Amino acid sequence: MKWRNLIMGLVAFGYAFLYIPVMLLVIYSFNESRLVTVWGGFSFKWYGEVLKNESLLNAAWLSLRIATVNATFAVALGTLAAYSLNRYRRFRGRGGFELLLAAPLVMPDVIIGLSLLLLFVSLEQLIGWPPGRGFTTISIAHITFSLAYAAVVIRGRIGQLDPLLEEAAMDLGAKPFTVFLRITLPLLAPALISAWLLAFTLSLDDLVIASFVSGPGSTTLPMWIYSSVRLGVKPEVNALATLMLLFVVIIVLFSGRIFNRKR
Amino acid sequence: MIRQLRQGFSKIYRGWGRRLGIGLPYIWLIIFFLLPFLIVLKISLSEPVLSQPPYSALTTFSDSMLQIKLNLSNYLLVSEDELYLDALMNSLKVALVSTLLCLLLGYPMAYTIATVQQRWRHILLMMIILPFWTSFLIRVYAWIGILKPQGILNNLLLSLGIIDEPLTILHTQLAVYIGIVYSYLPFMVLPLYANLAKLNQNLLEAAADLGARPVTSFLRITLPLSLPGIIAGSMLVFIPAVGEFVIPDLLGGPDSLMVGKLMWTEFFSNKDWPLASALALTILIILVVPFIAMQRLHQRYEDRDS
């Protein structure tokens with residue numbers, strides 16, 4: 001019984017540890033006082049400040065555009081990777097492919113960021129593309145690591161598909177491409193949506209890689225947040241963080257509904 | 001005849017589908033993930049110069065002489081200068097201790113999720129996954145307000161009379177540990193849970209029937225069988241933690257220099273691209289061994305499953 005209590009205590013502590021910091025952040029975003037950790041009354045003041053801040057809104061708009069492009073490409077490439085690894089059991093370079101697909105999941109951000117920047121600089125010297133750094137280079141960098149995450153999510157689902165459905169379509173004379181389009185993709189839809197959303201939020205969250213591969217004039221939302229919190233806690237950032245959390249909760253609830261309906 | 005023709009066509013189709021399916025993501029990763037490392041290697045062997053971009057060319061061609069100049073001083077500096085050695089050792093230490101702390105906290109959590117009733121399991125699991133979706137930067141930032149001298153934690157402890165003067169936690173190594181464990185805990189819990197959920201309950205029942213006490217059957221059955229989960233979770237925490245930048249930068253202080261932050265400083269503040277490249281490759285070489293080990297284990301696991 002003593003063991004049980006210890007385990008329960010650790011579990012409760014673990015969950016409290018995961019959730020209390022974020023809850024405090026949300027509570028203090030409604031704090032009137034500029035001294036962030038002293039309660040000065042309830043107020044929406046800082047939310048007003050967020051919506052008035054032009055550099056912040058520009059950064060948010062850039063981040064949303066990059067996240068959308070990133071998620072779309074990452075899911076397309078991730079689907080191809082997951083599908084090939086599941087269907088074509090043996091091909092030359094399979095081991096290398098698996099390795100390249102797993103490495104971005106654990107590779108430290110600073111290394112991905114630096115290496116991609118050096119690639120872009122060398123390419124620009126060599127062939128003149130990409131011209132400067134900004135939207136395109138950040139998107140490419142994000143696609144590179146997001147596609148690995150997308151492939152993980154989609155592989156989990158492909159493994160569960162019933163191969164009989166595809167075989168039946170083939171037997172009825174459908175070409176492989178048609179089968180992929182009409183049978184496989186629709187069955188994968190829930191996984192594709194959650195992979196898309198995951199890639200979207202990963203891109204929206206990345207500070208380190210974007211800092212390396214962005215150029216002058218292209219500040220993403222995490223870069224804006226980082227430069228304003230480096231010197232301490234700001235009430236505007238608390239309000240912004242709460243808005244972002246709200247956005248995520250809505251996305252998660254939405255994707256949860258899609259899953260339940262499909263089931 | 002027509003039938004044969006159609007089959008022939010579909011074979012060609014299939015070949016193309018296959019080539020495209022494997023080729024597109026493969027080529028993307030080779031160009032944007034593998035190739036860059038070769039360029040990092042090249043630039044780590046060059047000299048910093050005041051130009052745009054700020055590194056020298058390795059090869060020069062003049063008077064019909066092709067000269068290749070490899071500058072090893074960056075690596076010598078990294079391997080001899082105490083600043084870099086300290087940062088490397090400290091990063092490994094912080095990553096190792098954080099991994100153990102994550103394991104200590106994450107194992108009971110994963111075990112509980114795997115053994116509670118179905119109804120609770122979904123909720124508890126969802127609560128582990130949810131932080132994945134929320135901004136990492138913002139979750140680290142939340143700790144600044146809690147840990148700083150006039151922060152929420154100190155205010156609470158002061159008002160309860162537990163301490164007389166504020167504790168200094170922010171900008172110390174302790175804050176880095178808190179930040180890393182907090183951020184990477186879900187990466188430990190998820191693979192552990194996936195492993196423990198597959199555990200064959202018959203084994204535990206058999207042990208109980210044979211008179212083993214719960215603690216014994218945990219130590220002799222559950223723990224050894226969950227080893228693959230422990231290793232996978234540990235690698236998912238350890239590898240990225242070694243190169244972590246955001247946490248030591250926002251929460252750490254002068255006593256908690258880590259190699260990821262050092263690399264960032266060399267690159268952005270000192271504009272020394274060759275040295276930053278040499279540091280990046282050093283981290284990479286250190287991390288290759290645990291990464292390959294993780295991949296091997298994963299592969300063996302997959303092969304056994306299928």
# chains A, B, ... in the order shown; residues from 1 in each chain; ligands from 1
$ residues_around --residues "Asn86 (chain A)" --least-positions-apart "2" --cutoff "8 Å" --atoms "only C-alpha atoms" --output "MDAnalysis selection string"
chainID A and resid 82:84 88:89 155 158:159
$ write_last_selection --atoms "N, CA, C and O atoms" --output "mmCIF file, in the first residue's frame"
data_model
loop_
_atom_site.group_PDB
_atom_site.id
_atom_site.type_symbol
_atom_site.label_atom_id
_atom_site.label_comp_id
_atom_site.auth_asym_id
_atom_site.auth_seq_id
_atom_site.Cartn_x
_atom_site.Cartn_y
_atom_site.Cartn_z
ATOM 1 N N ALA A 82 5.684 7.727 -45.798
ATOM 2 C CA ALA A 82 5.037 6.711 -44.959
ATOM 3 C C ALA A 82 4.478 5.590 -45.828
ATOM 4 O O ALA A 82 4.620 4.404 -45.521
ATOM 5 N N TYR A 83 3.838 5.977 -46.953
ATOM 6 C CA TYR A 83 3.225 4.988 -47.843
ATOM 7 C C TYR A 83 4.296 4.078 -48.444
ATOM 8 O O TYR A 83 4.159 2.849 -48.444
ATOM 9 N N SER A 84 5.381 4.663 -48.944
ATOM 10 C CA SER A 84 6.418 3.829 -49.567
ATOM 11 C C SER A 84 7.057 2.884 -48.560
ATOM 12 O O SER A 84 7.316 1.734 -48.868
ATOM 13 N N TYR A 88 6.465 -0.765 -49.940
ATOM 14 C CA TYR A 88 7.610 -1.346 -50.617
ATOM 15 C C TYR A 88 8.575 -1.830 -49.551
ATOM 16 O O TYR A 88 9.403 -1.087 -49.057
ATOM 17 N N ARG A 89 8.412 -3.084 -49.190
ATOM 18 C CA ARG A 89 9.153 -3.619 -48.046
ATOM 19 C C ARG A 89 10.661 -3.552 -48.247
ATOM 20 O O ARG A 89 11.409 -3.232 -47.348
ATOM 21 N N ARG A 155 2.382 6.995 -40.639
ATOM 22 C CA ARG A 155 2.790 5.583 -40.616
ATOM 23 C C ARG A 155 1.989 4.795 -39.601
ATOM 24 O O ARG A 155 1.617 3.644 -39.831
ATOM 25 N N ILE A 158 -1.318 4.062 -41.369
ATOM 26 C CA ILE A 158 -1.229 3.165 -42.528
ATOM 27 C C ILE A 158 -1.094 1.715 -42.066
ATOM 28 O O ILE A 158 -1.678 0.806 -42.654
ATOM 29 N N GLY A 159 -0.358 1.517 -40.987
ATOM 30 C CA GLY A 159 -0.166 0.168 -40.472
ATOM 31 C C GLY A 159 -1.474 -0.509 -40.079
ATOM 32 O O GLY A 159 -1.568 -1.730 -40.065
#
$ residues_around --residues "Trp39 (chain A)" --least-positions-apart "2" --cutoff "12 Å" --atoms "only C-alpha atoms" --output "MDAnalysis selection string"
(chainID A and resid 24 27:37 41:43 235) or (chainID B and resid 151:152 155)
$ residues_around --residues "Thr59 (chain B)" --least-positions-apart "4" --cutoff "7 Å" --atoms "only C-alpha atoms" --output "compact mmCIF listing (two decimals) with all heavy atoms, in the first residue's frame"
# COMPACT_ATOMS: atom_id res chain seq x y z
N LEU B 66 46.52 24.54 -57.87
CA LEU B 66 45.30 24.38 -57.09
C LEU B 66 45.72 24.15 -55.65
O LEU B 66 46.40 23.18 -55.33
CB LEU B 66 44.49 23.19 -57.60
CG LEU B 66 43.24 22.88 -56.77
CD1 LEU B 66 42.19 23.97 -56.92
CD2 LEU B 66 42.66 21.53 -57.16
N GLN B 67 45.35 25.08 -54.79
CA GLN B 67 45.73 24.94 -53.39
C GLN B 67 44.50 24.64 -52.55
O GLN B 67 43.46 25.28 -52.69
CB GLN B 67 46.36 26.23 -52.89
CG GLN B 67 47.77 26.42 -53.40
CD GLN B 67 48.44 27.56 -52.69
OE1 GLN B 67 47.87 28.65 -52.59
NE2 GLN B 67 49.63 27.33 -52.18
N ILE B 68 44.66 23.65 -51.71
CA ILE B 68 43.58 23.35 -50.76
C ILE B 68 44.11 23.66 -49.37
O ILE B 68 45.12 23.13 -48.95
CB ILE B 68 43.14 21.89 -50.85
CG1 ILE B 68 42.67 21.57 -52.26
CG2 ILE B 68 42.03 21.59 -49.86
CD1 ILE B 68 42.31 20.13 -52.48
N LYS B 69 43.42 24.56 -48.68
CA LYS B 69 43.87 24.94 -47.35
C LYS B 69 42.83 24.47 -46.33
O LYS B 69 41.68 24.89 -46.37
CB LYS B 69 44.01 26.46 -47.28
CG LYS B 69 45.45 26.88 -47.04
CD LYS B 69 45.66 28.35 -47.29
CE LYS B 69 45.20 29.26 -46.18
NZ LYS B 69 45.44 30.67 -46.48
$ interface_residues --of "chain A" --to "chain B" --cutoff "7 Å" --atoms "only C-alpha atoms" --output "MDAnalysis selection string"
chainID A and resid 7 10:11 14 18 21:22 25 37 77 80:81 84 97 100 106:108 110:111 115:116 118:119 144 175:176 201 205 230 233 241 245 248
$ write_last_selection --atoms "N, CA, C and O atoms" --output "compact mmCIF listing (two decimals), in the first residue's frame"
# COMPACT_ATOMS: atom_id res chain seq x y z
N ILE A 7 3.57 6.04 -5.67
CA ILE A 7 3.35 6.15 -7.11
C ILE A 7 2.29 7.19 -7.42
O ILE A 7 2.48 8.07 -8.27
N LEU A 10 3.67 10.64 -7.03
CA LEU A 10 4.52 11.04 -8.15
C LEU A 10 3.70 11.40 -9.38
O LEU A 10 4.00 12.35 -10.09
N VAL A 11 2.66 10.60 -9.63
CA VAL A 11 1.82 10.86 -10.81
C VAL A 11 1.11 12.20 -10.68
O VAL A 11 1.11 13.01 -11.61
N GLY A 14 3.57 14.88 -11.19
CA GLY A 14 3.91 14.99 -12.61
C GLY A 14 2.89 15.80 -13.38
O GLY A 14 3.24 16.71 -14.15
N LEU A 18 3.22 19.56 -15.06
CA LEU A 18 2.99 19.85 -16.48
C LEU A 18 2.01 21.00 -16.67
O LEU A 18 2.11 21.74 -17.64
N PRO A 21 2.31 25.65 -14.45
CA PRO A 21 2.94 26.84 -15.04
C PRO A 21 2.08 27.53 -16.09
O PRO A 21 1.94 28.75 -16.10
N VAL A 22 1.47 26.72 -16.98
CA VAL A 22 0.66 27.31 -18.04
C VAL A 22 -0.59 27.97 -17.46
O VAL A 22 -1.01 29.05 -17.89
N LEU A 25 0.25 31.27 -16.07
CA LEU A 25 0.45 32.21 -17.18
C LEU A 25 -0.88 32.80 -17.63
O LEU A 25 -1.03 34.00 -17.83
N THR A 37 3.98 39.73 -11.54
CA THR A 37 3.66 38.72 -10.53
C THR A 37 2.95 39.30 -9.30
O THR A 37 2.74 38.61 -8.32
N LEU A 77 4.73 15.25 -48.56
CA LEU A 77 5.96 14.46 -48.57
C LEU A 77 5.93 13.35 -47.52
O LEU A 77 6.38 12.23 -47.76
N LEU A 80 3.88 10.39 -48.79
CA LEU A 80 4.64 9.59 -49.75
C LEU A 80 5.66 8.71 -49.01
O LEU A 80 5.77 7.51 -49.28
N ALA A 81 6.36 9.31 -48.05
CA ALA A 81 7.39 8.56 -47.32
C ALA A 81 6.75 7.42 -46.53
O ALA A 81 7.21 6.27 -46.59
N SER A 84 5.38 4.66 -48.94
CA SER A 84 6.42 3.83 -49.57
C SER A 84 7.06 2.88 -48.56
O SER A 84 7.32 1.73 -48.87
N PHE A 97 17.03 5.72 -45.79
CA PHE A 97 15.79 6.49 -45.80
C PHE A 97 15.21 6.56 -44.38
O PHE A 97 14.84 7.65 -43.90
N LEU A 100 17.32 8.90 -42.29
CA LEU A 100 17.11 10.32 -42.61
C LEU A 100 15.75 10.80 -42.11
O LEU A 100 15.55 11.97 -41.83
N VAL A 106 15.11 14.05 -33.52
CA VAL A 106 15.92 14.26 -32.32
C VAL A 106 17.06 15.25 -32.51
O VAL A 106 17.65 15.69 -31.53
N MET A 107 17.35 15.61 -33.75
CA MET A 107 18.48 16.50 -34.01
C MET A 107 18.27 17.85 -33.30
O MET A 107 17.23 18.47 -33.43
N PRO A 108 19.28 18.30 -32.52
CA PRO A 108 19.14 19.62 -31.88
C PRO A 108 18.88 20.72 -32.92
O PRO A 108 19.49 20.73 -33.99
N VAL A 110 19.71 23.82 -33.04
CA VAL A 110 20.81 24.71 -33.44
C VAL A 110 21.58 24.09 -34.62
O VAL A 110 22.06 24.83 -35.49
N ILE A 111 21.69 22.77 -34.64
CA ILE A 111 22.46 22.13 -35.72
C ILE A 111 21.69 22.18 -37.03
O ILE A 111 22.24 22.52 -38.07
N SER A 115 23.12 24.33 -40.19
CA SER A 115 23.49 23.62 -41.42
C SER A 115 22.63 24.09 -42.60
O SER A 115 23.13 24.25 -43.71
N LEU A 116 21.34 24.36 -42.36
CA LEU A 116 20.50 24.83 -43.46
C LEU A 116 20.91 26.23 -43.90
O LEU A 116 20.92 26.53 -45.09
N LEU A 118 23.88 27.51 -43.83
CA LEU A 118 25.10 27.40 -44.63
C LEU A 118 24.78 26.84 -46.01
O LEU A 118 25.38 27.25 -47.01
N LEU A 119 23.81 25.92 -46.08
CA LEU A 119 23.39 25.41 -47.40
C LEU A 119 22.82 26.54 -48.25
O LEU A 119 23.19 26.71 -49.42
N THR A 144 11.44 20.50 -43.82
CA THR A 144 12.42 19.44 -43.64
C THR A 144 12.23 18.70 -42.32
O THR A 144 12.29 17.47 -42.28
N LYS A 175 -6.59 1.17 -61.34
CA LYS A 175 -5.14 1.30 -61.45
C LYS A 175 -4.58 1.67 -60.08
O LYS A 175 -5.27 2.27 -59.26
N PRO A 176 -3.30 1.35 -59.84
CA PRO A 176 -2.71 1.63 -58.53
C PRO A 176 -2.89 3.09 -58.08
O PRO A 176 -3.20 3.36 -56.93
N THR A 201 1.49 23.45 -36.05
CA THR A 201 1.88 23.99 -34.74
C THR A 201 3.39 23.92 -34.54
O THR A 201 3.96 24.80 -33.91
N ASP A 205 5.83 27.25 -33.73
CA ASP A 205 6.51 27.22 -32.45
C ASP A 205 8.02 27.38 -32.59
O ASP A 205 8.72 27.58 -31.61
N ARG A 230 13.42 38.14 -23.62
CA ARG A 230 14.82 37.98 -23.21
C ARG A 230 15.13 38.79 -21.97
O ARG A 230 15.90 38.39 -21.14
N VAL A 233 9.76 39.18 -17.95
CA VAL A 233 8.36 38.86 -18.22
C VAL A 233 7.62 40.12 -18.64
O VAL A 233 7.79 41.18 -18.07
N ALA A 241 0.30 34.73 -25.21
CA ALA A 241 0.43 33.30 -24.95
C ALA A 241 -0.94 32.67 -24.70
O ALA A 241 -1.24 31.58 -25.20
N LEU A 245 -2.71 29.69 -26.74
CA LEU A 245 -3.19 28.47 -26.10
C LEU A 245 -4.65 28.21 -26.48
O LEU A 245 -5.04 27.07 -26.77
N VAL A 248 -4.85 26.74 -29.83
CA VAL A 248 -4.46 25.32 -29.84
C VAL A 248 -5.58 24.45 -29.29
O VAL A 248 -5.90 23.39 -29.84
$ atom_distance --atom1 "CA of Ile286 (chain B)" --atom2 "CA of Leu88 (chain B)"
9.7 Å
$ closest_residue --among "B:Leu83, B:Leu225, B:Ile247, B:Leu262" --to "Lys198 (chain B)" --atoms "only C-alpha atoms"
B:Leu225
$ atom_distance --atom1 "CA of Ala95 (chain B)" --atom2 "CA of Trp3 (chain A)"
28.3 Å
$ closest_residue --among "B:Leu70, B:Val289, B:Leu297, B:Val94" --to "Ile230 (chain B)" --atoms "only C-alpha atoms"
B:Leu297
